[in-house]
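Student: Data file my_file_12.pdb (PDB, C-alpha atoms) is appended below.
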ATOM      1  CA  MET A   9     -33.813-136.047  69.948
ATOM      2  CA  PRO A  10     -31.389-134.626  72.476
ATOM      3  CA  HIS A  11     -28.123-132.837  71.805
ATOM      4  CA  ASN A  12     -25.310-134.920  70.293
ATOM      5  CA  THR A  13     -27.507-137.879  69.391
ATOM      6  CA  TYR A  14     -27.821-137.052  65.681
ATOM      7  CA  ARG A  15     -24.421-135.733  64.605
ATOM      8  CA  ASN A  16     -24.422-137.922  61.498
ATOM      9  CA  SER A  17     -26.932-140.075  59.651
ATOM     10  CA  LYS A  18     -25.728-143.350  61.141
ATOM     11  CA  GLU A  19     -25.861-142.107  64.719
ATOM     12  CA  ALA A  20     -29.211-140.429  64.125
ATOM     13  CA  LEU A  21     -30.789-143.537  62.642
ATOM     14  CA  SER A  22     -29.546-145.790  65.408
ATOM     15  CA  ASN A  23     -30.746-143.415  68.137
ATOM     16  CA  ALA A  24     -34.059-142.627  66.468
ATOM     17  CA  LYS A  25     -34.764-146.351  66.111
ATOM     18  CA  LYS A  26     -33.911-146.808  69.781
ATOM     19  CA  ILE A  27     -36.281-144.004  70.833
ATOM     20  CA  ILE A  28     -39.103-145.364  68.709
ATOM     21  CA  SER A  29     -38.722-149.006  69.732
ATOM     22  CA  LYS A  30     -38.321-148.241  73.444
ATOM     23  CA  THR A  31     -40.956-145.519  73.775
ATOM     24  CA  LYS A  32     -43.469-146.374  71.032
ATOM     25  CA  CYS A  33     -43.703-142.684  70.166
ATOM     26  CA  ASP A  34     -45.158-141.712  66.803
ATOM     27  CA  ALA A  35     -42.374-139.454  65.609
ATOM     28  CA  ILE A  36     -39.170-137.730  66.601
ATOM     29  CA  LYS A  37     -38.235-134.046  66.446
ATOM     30  CA  LEU A  38     -34.785-132.640  65.843
ATOM     31  CA  GLU A  39     -33.362-129.147  65.562
ATOM     32  CA  GLY A  40     -31.771-127.446  62.593
ATOM     33  CA  GLY A  41     -31.959-126.552  58.919
ATOM     34  CA  LYS A  42     -29.554-127.250  56.074
ATOM     35  CA  LYS A  43     -27.080-129.021  58.383
ATOM     36  CA  VAL A  44     -29.535-131.792  59.280
ATOM     37  CA  VAL A  45     -31.305-132.233  55.931
ATOM     38  CA  GLN A  46     -29.350-135.363  55.024
ATOM     39  CA  ILE A  47     -30.030-136.821  58.469
ATOM     40  CA  ILE A  48     -33.747-136.136  58.137
ATOM     41  CA  LYS A  49     -33.810-137.777  54.699
ATOM     42  CA  THR A  50     -32.126-140.875  56.109
ATOM     43  CA  LEU A  51     -34.658-141.139  58.939
ATOM     44  CA  ILE A  52     -37.629-140.667  56.652
ATOM     45  CA  LYS A  53     -36.250-143.229  54.180
ATOM     46  CA  ASN A  54     -36.281-145.600  57.142
ATOM     47  CA  LYS A  55     -39.931-144.810  57.824
ATOM     48  CA  ILE A  56     -39.298-142.659  60.893
ATOM     49  CA  PRO A  57     -41.600-139.615  60.861
ATOM     50  CA  VAL A  58     -39.684-136.423  61.593
ATOM     51  CA  MET A  59     -40.781-133.045  62.903
ATOM     52  CA  GLY A  60     -38.422-130.168  62.145
ATOM     53  CA  HIS A  61     -37.472-127.277  64.400
ATOM     54  CA  LEU A  62     -36.259-123.842  63.209
ATOM     55  CA  GLY A  63     -35.672-120.406  64.709
ATOM     56  CA  VAL A  64     -34.137-120.487  68.157
ATOM     57  CA  LEU A  65     -32.473-123.877  68.535
ATOM     58  CA  PRO A  66     -31.939-124.452  72.266
ATOM     59  CA  GLN A  67     -29.521-127.351  71.767
ATOM     60  CA  SER A  68     -27.002-125.121  69.999
ATOM     61  CA  ALA A  69     -28.128-121.595  70.883
ATOM     62  CA  THR A  70     -25.738-119.181  72.555
ATOM     63  CA  ASN A  71     -28.575-116.757  73.279
ATOM     64  CA  PHE A  72     -32.354-116.877  73.168
ATOM     65  CA  LYS A  73     -33.079-113.685  71.217
ATOM     66  CA  PHE A  74     -35.837-114.062  68.654
ATOM     67  CA  LYS A  75     -34.838-114.824  65.062
ATOM     68  CA  GLY A  76     -35.638-112.920  61.891
ATOM     69  CA  LYS A  77     -34.610-109.368  62.633
ATOM     70  CA  GLU A  78     -31.891-109.301  59.966
ATOM     71  CA  ILE A  79     -32.680-109.926  56.308
ATOM     72  CA  ALA A  80     -29.842-112.450  55.920
ATOM     73  CA  GLU A  81     -31.146-114.435  58.884
ATOM     74  CA  ARG A  82     -34.700-114.359  57.519
ATOM     75  CA  LYS A  83     -33.529-115.714  54.177
ATOM     76  CA  ILE A  84     -31.712-118.606  55.828
ATOM     77  CA  ILE A  85     -34.686-119.606  57.962
ATOM     78  CA  LEU A  86     -37.094-119.379  55.025
ATOM     79  CA  ARG A  87     -34.714-121.433  52.872
ATOM     80  CA  ASP A  88     -34.317-123.973  55.688
ATOM     81  CA  SER A  89     -38.065-124.341  56.023
ATOM     82  CA  LYS A  90     -38.289-125.253  52.336
ATOM     83  CA  LEU A  91     -35.357-127.652  52.660
ATOM     84  CA  LEU A  92     -37.052-129.383  55.595
ATOM     85  CA  GLU A  93     -40.295-129.641  53.685
ATOM     86  CA  ASP A  94     -38.482-131.130  50.676
ATOM     87  CA  ALA A  95     -36.695-133.574  53.001
ATOM     88  CA  GLY A  96     -40.127-134.799  54.064
ATOM     89  CA  VAL A  97     -40.812-133.515  57.579
ATOM     90  CA  PHE A  98     -44.488-133.721  58.476
ATOM     91  CA  SER A  99     -44.413-130.459  60.443
ATOM     92  CA  ILE A 100     -42.030-127.721  61.598
ATOM     93  CA  VAL A 101     -41.758-126.105  65.019
ATOM     94  CA  LEU A 102     -40.893-122.401  64.801
ATOM     95  CA  GLU A 103     -39.347-121.153  68.006
ATOM     96  CA  CYS A 104     -39.071-117.415  68.699
ATOM     97  CA  VAL A 105     -39.397-116.327  65.084
ATOM     98  CA  GLU A 106     -40.404-112.773  64.179
ATOM     99  CA  SER A 107     -44.113-112.534  63.325
ATOM    100  CA  SER A 108     -43.976-111.619  59.628
ATOM    101  CA  LEU A 109     -41.338-114.271  58.963
ATOM    102  CA  ALA A 110     -43.447-116.915  60.704
ATOM    103  CA  LYS A 111     -46.349-115.791  58.515
ATOM    104  CA  GLU A 112     -44.264-116.065  55.350
ATOM    105  CA  ILE A 113     -42.960-119.533  56.254
ATOM    106  CA  THR A 114     -46.451-120.731  57.115
ATOM    107  CA  LYS A 115     -47.720-119.496  53.738
ATOM    108  CA  THR A 116     -44.786-121.011  51.883
ATOM    109  CA  VAL A 117     -44.609-124.560  53.237
ATOM    110  CA  LYS A 118     -47.432-127.050  52.842
ATOM    111  CA  VAL A 119     -46.813-128.828  56.143
ATOM    112  CA  PRO A 120     -48.192-127.333  59.370
ATOM    113  CA  THR A 121     -46.034-124.912  61.323
ATOM    114  CA  ILE A 122     -46.276-125.050  65.102
ATOM    115  CA  GLY A 123     -45.190-121.898  66.865
ATOM    116  CA  ILE A 124     -43.708-121.161  70.248
ATOM    117  CA  GLY A 125     -43.017-117.466  70.453
ATOM    118  CA  ALA A 126     -43.633-117.304  66.726
ATOM    119  CA  SER A 127     -46.861-115.276  66.434
ATOM    120  CA  VAL A 128     -50.464-116.120  65.742
ATOM    121  CA  HIS A 129     -49.725-116.791  62.068
ATOM    122  CA  CYS A 130     -48.474-120.342  62.616
ATOM    123  CA  ASP A 131     -50.814-123.240  61.880
ATOM    124  CA  GLY A 132     -50.723-124.269  65.532
ATOM    125  CA  GLN A 133     -49.119-123.476  68.858
ATOM    126  CA  VAL A 134     -47.136-125.357  71.453
ATOM    127  CA  LEU A 135     -46.277-124.495  75.047
ATOM    128  CA  VAL A 136     -44.534-126.323  77.832
ATOM    129  CA  THR A 137     -47.428-127.707  79.896
ATOM    130  CA  ASP A 138     -45.671-126.942  83.168
ATOM    131  CA  ASP A 139     -45.454-123.287  82.059
ATOM    132  CA  LEU A 140     -49.102-123.238  80.926
ATOM    133  CA  ILE A 141     -50.417-124.508  84.267
ATOM    134  CA  GLY A 142     -48.098-122.455  86.452
ATOM    135  CA  LEU A 143     -45.997-125.309  87.748
ATOM    136  CA  ASN A 144     -42.766-123.984  86.285
ATOM    137  CA  LYS A 145     -41.667-120.470  87.080
ATOM    138  CA  ILE A 146     -40.527-119.054  83.796
ATOM    139  CA  LYS A 147     -40.741-115.468  82.655
ATOM    140  CA  ALA A 148     -40.415-115.799  78.889
ATOM    141  CA  ARG A 149     -42.451-113.410  76.780
ATOM    142  CA  PHE A 150     -44.020-116.266  74.811
ATOM    143  CA  VAL A 151     -45.518-117.953  77.891
ATOM    144  CA  LYS A 152     -49.043-117.293  79.028
ATOM    145  CA  ARG A 153     -50.029-118.833  82.345
ATOM    146  CA  TYR A 154     -53.537-120.273  82.080
ATOM    147  CA  SER A 155     -53.709-121.718  85.571
ATOM    148  CA  ASN A 156     -51.981-121.570  88.922
ATOM    149  CA  ILE A 157     -51.524-125.229  89.772
ATOM    150  CA  GLU A 158     -48.653-124.314  92.043
ATOM    151  CA  LYS A 159     -51.145-122.649  94.395
ATOM    152  CA  GLN A 160     -53.555-125.582  94.270
ATOM    153  CA  ILE A 161     -50.817-128.098  95.069
ATOM    154  CA  ASN A 162     -49.567-125.860  97.838
ATOM    155  CA  ASP A 163     -53.060-125.546  99.319
ATOM    156  CA  ALA A 164     -53.609-129.308  99.212
ATOM    157  CA  ALA A 165     -50.281-130.017 100.915
ATOM    158  CA  LEU A 166     -51.024-127.383 103.543
ATOM    159  CA  LYS A 167     -54.481-128.825 104.293
ATOM    160  CA  PHE A 168     -52.980-132.301 104.535
ATOM    161  CA  LYS A 169     -50.375-130.989 106.955
ATOM    162  CA  LYS A 170     -53.003-129.293 109.144
ATOM    163  CA  ASP A 171     -55.153-132.427 109.208
ATOM    164  CA  VAL A 172     -52.205-134.623 110.154
ATOM    165  CA  ILE A 173     -51.121-132.271 112.938
ATOM    166  CA  ARG A 174     -54.640-132.215 114.387
ATOM    167  CA  SER A 175     -55.022-135.988 113.927
ATOM    168  CA  LYS A 176     -57.920-135.349 111.559
ATOM    169  CA  PHE A 177     -56.301-137.493 108.917
ATOM    170  CA  PRO A 178     -56.650-140.369 108.502
ATOM    171  CA  THR A 179     -60.114-140.954 109.924
ATOM    172  CA  LYS A 180     -61.714-144.400 110.232
ATOM    173  CA  LYS A 181     -62.912-144.057 106.675
ATOM    174  CA  HIS A 182     -59.312-144.018 105.508
ATOM    175  CA  SER A 183     -57.993-146.638 107.927
ATOM    176  CA  TYR A 184     -58.044-150.466 108.138
TER     177      TYR A 184
ATOM    178  CA  MET B  14     -25.732-139.860 111.878
ATOM    179  CA  ASN B  15     -26.881-137.114 109.522
ATOM    180  CA  LYS B  16     -28.203-134.097 111.447
ATOM    181  CA  LYS B  17     -31.365-134.014 109.367
ATOM    182  CA  ILE B  18     -32.100-137.584 110.396
ATOM    183  CA  LEU B  19     -31.475-136.852 114.080
ATOM    184  CA  ASN B  20     -33.859-133.908 113.906
ATOM    185  CA  PHE B  21     -36.398-136.141 112.238
ATOM    186  CA  ILE B  22     -36.188-138.738 114.998
ATOM    187  CA  LYS B  23     -36.546-136.031 117.655
ATOM    188  CA  LYS B  24     -40.004-135.185 116.368
ATOM    189  CA  LYS B  25     -41.386-138.436 117.799
ATOM    190  CA  ASN B  26     -43.860-137.750 120.615
ATOM    191  CA  LYS B  27     -43.449-134.018 120.009
ATOM    192  CA  THR B  28     -45.052-133.237 116.708
ATOM    193  CA  LYS B  29     -46.696-135.109 113.873
ATOM    194  CA  ILE B  30     -44.487-135.869 110.925
ATOM    195  CA  ILE B  31     -45.555-134.812 107.446
ATOM    196  CA  SER B  32     -44.442-136.876 104.464
ATOM    197  CA  LEU B  33     -45.392-136.869 100.797
ATOM    198  CA  THR B  34     -43.980-138.435  97.652
ATOM    199  CA  ALA B  35     -42.497-136.590  94.711
ATOM    200  CA  TYR B  36     -41.113-137.812  91.407
ATOM    201  CA  SER B  37     -39.952-134.504  89.929
ATOM    202  CA  LYS B  38     -38.599-131.080  90.811
ATOM    203  CA  ASN B  39     -41.559-128.749  90.385
ATOM    204  CA  ILE B  40     -43.883-130.701  92.647
ATOM    205  CA  ALA B  41     -41.088-131.478  95.111
ATOM    206  CA  SER B  42     -40.312-127.779  95.564
ATOM    207  CA  ILE B  43     -43.942-127.045  96.492
ATOM    208  CA  ILE B  44     -44.459-129.890  98.963
ATOM    209  CA  ASP B  45     -41.019-129.328 100.487
ATOM    210  CA  ARG B  46     -42.445-126.250 102.236
ATOM    211  CA  HIS B  47     -44.907-128.359 104.219
ATOM    212  CA  CYS B  48     -43.079-131.670 104.617
ATOM    213  CA  ASP B  49     -40.586-133.122 107.030
ATOM    214  CA  LEU B  50     -39.816-135.934 104.632
ATOM    215  CA  VAL B  51     -40.107-136.223 100.870
ATOM    216  CA  LEU B  52     -40.103-139.781  99.550
ATOM    217  CA  VAL B  53     -39.162-140.708  96.021
ATOM    218  CA  GLY B  54     -41.308-143.822  96.082
ATOM    219  CA  ASP B  55     -41.028-146.752  93.738
ATOM    220  CA  SER B  56     -44.767-146.144  93.480
ATOM    221  CA  LEU B  57     -43.680-144.119  90.453
ATOM    222  CA  GLY B  58     -43.871-147.412  88.607
ATOM    223  CA  SER B  59     -47.634-147.511  88.831
ATOM    224  CA  VAL B  60     -48.245-143.750  89.068
ATOM    225  CA  LEU B  61     -46.107-142.678  86.098
ATOM    226  CA  TYR B  62     -45.426-145.799  84.045
ATOM    227  CA  SER B  63     -48.660-147.784  84.528
ATOM    228  CA  PHE B  64     -46.722-150.825  85.689
ATOM    229  CA  SER B  65     -48.939-153.460  87.281
ATOM    230  CA  SER B  66     -46.512-153.704  90.213
ATOM    231  CA  THR B  67     -43.452-151.909  91.513
ATOM    232  CA  LYS B  68     -41.314-154.899  90.533
ATOM    233  CA  LYS B  69     -40.514-153.480  87.115
ATOM    234  CA  VAL B  70     -39.041-150.275  88.523
ATOM    235  CA  THR B  71     -35.306-150.059  87.874
ATOM    236  CA  LEU B  72     -32.465-148.465  89.796
ATOM    237  CA  ASP B  73     -31.873-146.046  86.925
ATOM    238  CA  MET B  74     -35.505-144.900  86.968
ATOM    239  CA  MET B  75     -35.249-144.215  90.701
ATOM    240  CA  ILE B  76     -31.976-142.352  90.247
ATOM    241  CA  GLU B  77     -33.155-140.158  87.360
ATOM    242  CA  HIS B  78     -36.364-139.129  89.107
ATOM    243  CA  SER B  79     -34.494-138.564  92.360
ATOM    244  CA  LYS B  80     -32.019-136.231  90.651
ATOM    245  CA  SER B  81     -34.970-134.102  89.585
ATOM    246  CA  VAL B  82     -36.572-134.230  93.049
ATOM    247  CA  ARG B  83     -33.251-133.235  94.642
ATOM    248  CA  MET B  84     -33.434-129.883  92.803
ATOM    249  CA  GLY B  85     -36.713-129.126  94.535
ATOM    250  CA  VAL B  86     -36.102-130.419  98.054
ATOM    251  CA  LYS B  87     -34.265-127.902 100.216
ATOM    252  CA  LYS B  88     -35.364-128.464 103.811
ATOM    253  CA  SER B  89     -37.088-131.847 104.045
ATOM    254  CA  LEU B  90     -35.384-135.156 104.545
ATOM    255  CA  MET B  91     -35.171-136.767 101.125
ATOM    256  CA  VAL B  92     -35.586-140.541 101.097
ATOM    257  CA  VAL B  93     -35.358-142.794  98.042
ATOM    258  CA  ASP B  94     -36.907-146.249  97.707
ATOM    259  CA  MET B  95     -34.580-149.029  96.649
ATOM    260  CA  PRO B  96     -36.434-150.886  93.917
ATOM    261  CA  HIS B  97     -37.154-154.604  93.682
ATOM    262  CA  ASN B  98     -34.145-156.887  93.088
ATOM    263  CA  THR B  99     -31.559-154.259  93.966
ATOM    264  CA  TYR B 100     -30.898-155.486  97.519
ATOM    265  CA  ARG B 101     -30.959-159.283  97.325
ATOM    266  CA  ASN B 102     -27.748-159.567  99.380
ATOM    267  CA  SER B 103     -25.555-157.240 101.432
ATOM    268  CA  LYS B 104     -23.002-156.687  98.696
ATOM    269  CA  GLU B 105     -25.566-155.827  96.051
ATOM    270  CA  ALA B 106     -27.499-153.651  98.486
ATOM    271  CA  LEU B 107     -24.453-151.695  99.572
ATOM    272  CA  SER B 108     -23.243-151.115  96.032
ATOM    273  CA  ASN B 109     -26.677-149.955  94.859
ATOM    274  CA  ALA B 110     -27.383-147.849  97.943
ATOM    275  CA  LYS B 111     -24.031-146.089  97.525
ATOM    276  CA  LYS B 112     -24.865-145.485  93.889
ATOM    277  CA  ILE B 113     -28.244-143.972  94.777
ATOM    278  CA  ILE B 114     -26.744-141.716  97.449
ATOM    279  CA  SER B 115     -23.796-140.542  95.381
ATOM    280  CA  LYS B 116     -25.829-139.896  92.240
ATOM    281  CA  THR B 117     -28.900-138.329  93.818
ATOM    282  CA  LYS B 118     -27.490-136.760  97.005
ATOM    283  CA  CYS B 119     -30.520-138.061  98.877
ATOM    284  CA  ASP B 120     -30.383-138.216 102.676
ATOM    285  CA  ALA B 121     -31.435-141.822 103.123
ATOM    286  CA  ILE B 122     -32.773-144.910 101.401
ATOM    287  CA  LYS B 123     -35.821-147.006 102.252
ATOM    288  CA  LEU B 124     -36.230-150.719 101.670
ATOM    289  CA  GLU B 125     -38.974-153.257 102.328
ATOM    290  CA  GLY B 126     -38.906-156.199 104.665
ATOM    291  CA  GLY B 127     -38.237-157.515 108.150
ATOM    292  CA  LYS B 128     -36.024-160.353 109.261
ATOM    293  CA  LYS B 129     -34.972-161.141 105.703
ATOM    294  CA  VAL B 130     -33.292-157.803 105.234
ATOM    295  CA  ILE B 131     -31.811-157.244 108.711
ATOM    296  CA  GLN B 132     -28.274-158.154 107.682
ATOM    297  CA  ILE B 133     -28.551-155.901 104.644
ATOM    298  CA  ILE B 134     -29.726-152.979 106.762
ATOM    299  CA  LYS B 135     -26.924-153.526 109.288
ATOM    300  CA  GLY B 136     -24.327-153.541 106.511
ATOM    301  CA  SER B 137     -25.699-150.345 105.113
ATOM    302  CA  ARG B 138     -25.714-148.556 108.476
ATOM    303  CA  HIS B 139     -22.186-149.713 109.168
ATOM    304  CA  ALA B 140     -21.017-148.183 105.882
ATOM    305  CA  SER B 141     -22.418-144.771 106.736
TER     306      SER B 141
END
Step by step, read the file and then write its structure as structure tokens.

Tutor:
Amino acid sequence: MPHNTYRNSKEALSNAKKIISKTKCDAIKLEGGKKVVQIIKTLIKNKIPVMGHLGVLPQSATNFKFKGKEIAERKIILRDSKLLEDAGVFSIVLECVESSLAKEITKTVKVPTIGIGASVHCDGQVLVTDDLIGLNKIKARFVKRYSNIEKQINDAALKFKKDVIRSKFPTKKHSY
Amino acid sequence: MNKKILNFIKKKNKTKIISLTAYSKNIASIIDRHCDLVLVGDSLGSVLYSFSSTKKVTLDMMIEHSKSVRMGVKKSLMVVDMPHNTYRNSKEALSNAKKIISKTKCDAIKLEGGKKVIQIIKGSRHAS
């Protein structure tokens, strides 16, 4: 759910219902810990499956440094993960969380943790597909580029251009 | 007339013209290198939304995708399709075309039809 669409339970429920009815998605995800627990409970009471999101929270973050360096911060994130689990989330995304903290959270909560920049200890991983395939130029530490689709698209467009210039496309086969 | 459009017209009988569609920034920025014209086609209805025809495509869908494409298109002429039922008369067409141009900063719009839409096209050209 995007920024400023779940500032209170009423707003969250109305917007979550709208997302679900219009998109037919299976669940929604929202960012935050203790602050959004009541909202999450309201959604789940209304049969809307919720995925949590802890660590770096892009919708409210002022910087994108990883979380869990300081003990106080670690305690809050660990506490929040338990609060989310108790509220009934079916899974929690951990974004840019220090490795040992991600490991501790994953051990502690019964629902699956999905990491992005949160170490190998999470139950699963998520990446932005455009980053994975090399379509989006991002230089974050947590991204690994598995393909260079940018080059393949570029090559295809270039071949098309050459064929058009030389009147090699379209041939009879591709004409009416 | 927009300088980009004049340059586009000048290519006739001189060089072939390269055009491709794009519906989002990342692809637009790659094809922009090789294109003269990038079209945000209402074909996005079938390509991205599995609509059985382009008739279900809305003005808002065209505008949102075009805003993304705009980020990627630097040198090509950027043209946006006006979707079905958004240019049924001159007034409607002008209002919607202005909306598309102001919101997406595209260079031109494209619409379908011959004699039926002549008055609409004339109104639109007059306004520019």

Student: So which residues fall inside 10 Å of (-33.6, -144.3, 89.1) if we count only C-alpha atoms? Mind giving them as a PDB file with C-alpha atoms, in the frame of the given file?

Tutor:
ATOM      1  CA  VAL B  53     -39.162-140.708  96.021  1.00  0.00           C
ATOM      2  CA  ASP B  55     -41.028-146.752  93.738  1.00  0.00           C
ATOM      3  CA  VAL B  70     -39.041-150.275  88.523  1.00  0.00           C
ATOM      4  CA  THR B  71     -35.306-150.059  87.874  1.00  0.00           C
ATOM      5  CA  LEU B  72     -32.465-148.465  89.796  1.00  0.00           C
ATOM      6  CA  ASP B  73     -31.873-146.046  86.925  1.00  0.00           C
ATOM      7  CA  MET B  74     -35.505-144.900  86.968  1.00  0.00           C
ATOM      8  CA  MET B  75     -35.249-144.215  90.701  1.00  0.00           C
ATOM      9  CA  ILE B  76     -31.976-142.352  90.247  1.00  0.00           C
ATOM     10  CA  GLU B  77     -33.155-140.158  87.360  1.00  0.00           C
ATOM     11  CA  HIS B  78     -36.364-139.129  89.107  1.00  0.00           C
ATOM     12  CA  SER B  79     -34.494-138.564  92.360  1.00  0.00           C
ATOM     13  CA  LYS B  80     -32.019-136.231  90.651  1.00  0.00           C
ATOM     14  CA  VAL B  93     -35.358-142.794  98.042  1.00  0.00           C
ATOM     15  CA  ASP B  94     -36.907-146.249  97.707  1.00  0.00           C
ATOM     16  CA  MET B  95     -34.580-149.029  96.649  1.00  0.00           C
ATOM     17  CA  PRO B  96     -36.434-150.886  93.917  1.00  0.00           C
ATOM     18  CA  ILE B 113     -28.244-143.972  94.777  1.00  0.00           C
ATOM     19  CA  LYS B 116     -25.829-139.896  92.240  1.00  0.00           C
ATOM     20  CA  THR B 117     -28.900-138.329  93.818  1.00  0.00           C
TER      21      THR B 117
END

Student: Tell me which residues the PyMOL selection byres ((chain A and resi 58-63) around 6) grabs here, as a VMD selection string.

Tutor: chain A and resid 35 to 40 57 64 75 97 to 103 105

Student: Run the ChimeraX specification (/A :<9) & /B mentally over the shown coordinates, then write out the matched residues as a list in words, using the chain letters and numbers from the document.

Tutor: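 Evaluating the ChimeraX specification (/A :<9) & /B on these coordinates yields Thr28, Lys29, Ile30, Ile31, Ser32, Leu33, Asn39, Ile40, Ile43, Ile44, Arg46, His47 and Cys48 of chain B.
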
Student: List the neighbours of Ser42 of chain B out to 8 Å using all atoms listed in the file; skip same-chain residues closer than 3 positions along the sequence, and give me the result as a list in words.

Tutor: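 The residues that qualify are Lys38, Asn39, Asp45, Arg46, Val82, Met84, Gly85, Val86 and Lys87 of chain B.
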
Student: Measuring between only C-alpha atoms, which one of A:Asn23, A:Asn71, A:Gln46, A:Thr114 shows the shortest distance to Ser127 of chain A?

Tutor: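 Nearest candidate to Ser127 of chain A out of A:Asn23, A:Asn71, A:Gln46, A:Thr114: A:Thr114.
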
Student: Considering all atoms listed in the file, return as a list of chain:residue names whatever protein or nucleic-acid residues lie within 10 Å of Ala106 of chain B, sequence-local ones (same chain, fewer than 4 positions apart) excluded.

Tutor: B:Met95, B:Asn98, B:Thr99, B:Tyr100, B:Arg101, B:Asn102, B:Ala110, B:Lys111, B:Lys112, B:Leu124, B:Val130, B:Ile133, B:Ile134, B:Gly136, B:Ser137

Student: What's the 12 Å shell around Arg149 of chain A, counting only C-alpha atoms, without same-chain residues fewer than 6 positions away, as a ChimeraX atom specification?

Tutor: /A:72-74,104,124-127,135,139

Student: If you measure from atom CA of Lys152 of chain A to atom CA of Leu140 of chain A, what distance in Å do you get, rounded to one decimal?

Tutor: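 Answer for the atom CA of Lys152 of chain A to atom CA of Leu140 of chain A separation: 6.2 Å.
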
Student: For atom CA of Glu106 of chain A and atom CA of Lys77 of chain A, determine how far apart the two atoms are, in Å to one decimal place.

Tutor: 6.9 Å

Student: From the list B:His97, B:Ile22, B:Ser89, B:Glu125, which residue is nearest Lys69 of chain B when using all atoms listed in the file?

Tutor: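 Checking each candidate against Lys69 of chain B, we get B:His97 as the closest.
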
Student: Between atom CA of Lys147 of chain A and atom CA of Ala110 of chain A, measure the distance and give it in Å to one decimal.

Tutor: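 Atom CA of Ala110 of chain A lies 22.2 Å from atom CA of Lys147 of chain A.
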
Student: So which residues touch Leu90 of chain B within 7 Å, counting all atoms listed in the file, skipping near sequence neighbours fewer than 5 positions away, as a PyMOL selection string?

Tutor: chain B and resi 17+49-51+120

Student: Do a neighbour search on Gln67 of chain A at 9 Å with all atoms listed in the file, toss out local chain neighbours closer than 4 positions, and write the hits as number ranges by chain.

Tutor: A: 10-12, 39

Student: Name the residues within 7 Å of (-38.2, -116.8, 53.3), counting all atoms listed in the file in the file's coordinates, and put them as a list of chain:residue names.

Tutor: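 Returned residue set, sorted by chain then number, is A:Arg82, A:Lys83, A:Ile85, A:Leu86, A:Arg87, A:Leu109, A:Glu112, A:Ile113.
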
Student: Reconstruct segment 102-115 of chain B at the level of N, CA and C atoms, and format the result as an mmCIF file, in the coordinates of the input.

Tutor:
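Final output, out-v4.cif:
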data_model
loop_
_atom_site.group_PDB
_atom_site.id
_atom_site.type_symbol
_atom_site.label_atom_id
_atom_site.label_comp_id
_atom_site.auth_asym_id
_atom_site.auth_seq_id
_atom_site.Cartn_x
_atom_site.Cartn_y
_atom_site.Cartn_z
ATOM 1 N N ASN B 102 -28.758 -159.190 98.389
ATOM 2 C CA ASN B 102 -27.748 -159.567 99.380
ATOM 3 C C ASN B 102 -27.011 -158.306 99.812
ATOM 4 N N SER B 103 -26.200 -158.420 100.850
ATOM 5 C CA SER B 103 -25.555 -157.240 101.432
ATOM 6 C C SER B 103 -24.656 -156.522 100.427
ATOM 7 N N LYS B 104 -23.942 -157.294 99.643
ATOM 8 C CA LYS B 104 -23.002 -156.687 98.696
ATOM 9 C C LYS B 104 -23.750 -155.864 97.642
ATOM 10 N N GLU B 105 -24.765 -156.505 97.071
ATOM 11 C CA GLU B 105 -25.566 -155.827 96.051
ATOM 12 C C GLU B 105 -26.238 -154.586 96.645
ATOM 13 N N ALA B 106 -26.787 -154.750 97.835
ATOM 14 C CA ALA B 106 -27.499 -153.651 98.486
ATOM 15 C C ALA B 106 -26.569 -152.477 98.743
ATOM 16 N N LEU B 107 -25.391 -152.775 99.243
ATOM 17 C CA LEU B 107 -24.453 -151.695 99.572
ATOM 18 C C LEU B 107 -24.009 -150.970 98.309
ATOM 19 N N SER B 108 -23.682 -151.734 97.287
ATOM 20 C CA SER B 108 -23.243 -151.115 96.032
ATOM 21 C C SER B 108 -24.345 -150.235 95.445
ATOM 22 N N ASN B 109 -25.576 -150.735 95.440
ATOM 23 C CA ASN B 109 -26.677 -149.955 94.859
ATOM 24 C C ASN B 109 -27.076 -148.772 95.738
ATOM 25 N N ALA B 110 -27.038 -148.956 97.045
ATOM 26 C CA ALA B 110 -27.383 -147.849 97.943
ATOM 27 C C ALA B 110 -26.354 -146.725 97.802
ATOM 28 N N LYS B 111 -25.086 -147.096 97.713
ATOM 29 C CA LYS B 111 -24.031 -146.089 97.525
ATOM 30 C C LYS B 111 -24.230 -145.341 96.213
ATOM 31 N N LYS B 112 -24.620 -146.096 95.200
ATOM 32 C CA LYS B 112 -24.865 -145.485 93.889
ATOM 33 C C LYS B 112 -26.012 -144.488 93.979
ATOM 34 N N ILE B 113 -27.096 -144.876 94.637
ATOM 35 C CA ILE B 113 -28.244 -143.972 94.777
ATOM 36 C C ILE B 113 -27.827 -142.708 95.522
ATOM 37 N N ILE B 114 -27.126 -142.884 96.634
ATOM 38 C CA ILE B 114 -26.744 -141.716 97.449
ATOM 39 C C ILE B 114 -25.777 -140.810 96.691
ATOM 40 N N SER B 115 -24.779 -141.402 96.042
ATOM 41 C CA SER B 115 -23.796 -140.542 95.381
ATOM 42 C C SER B 115 -24.392 -139.841 94.173
#
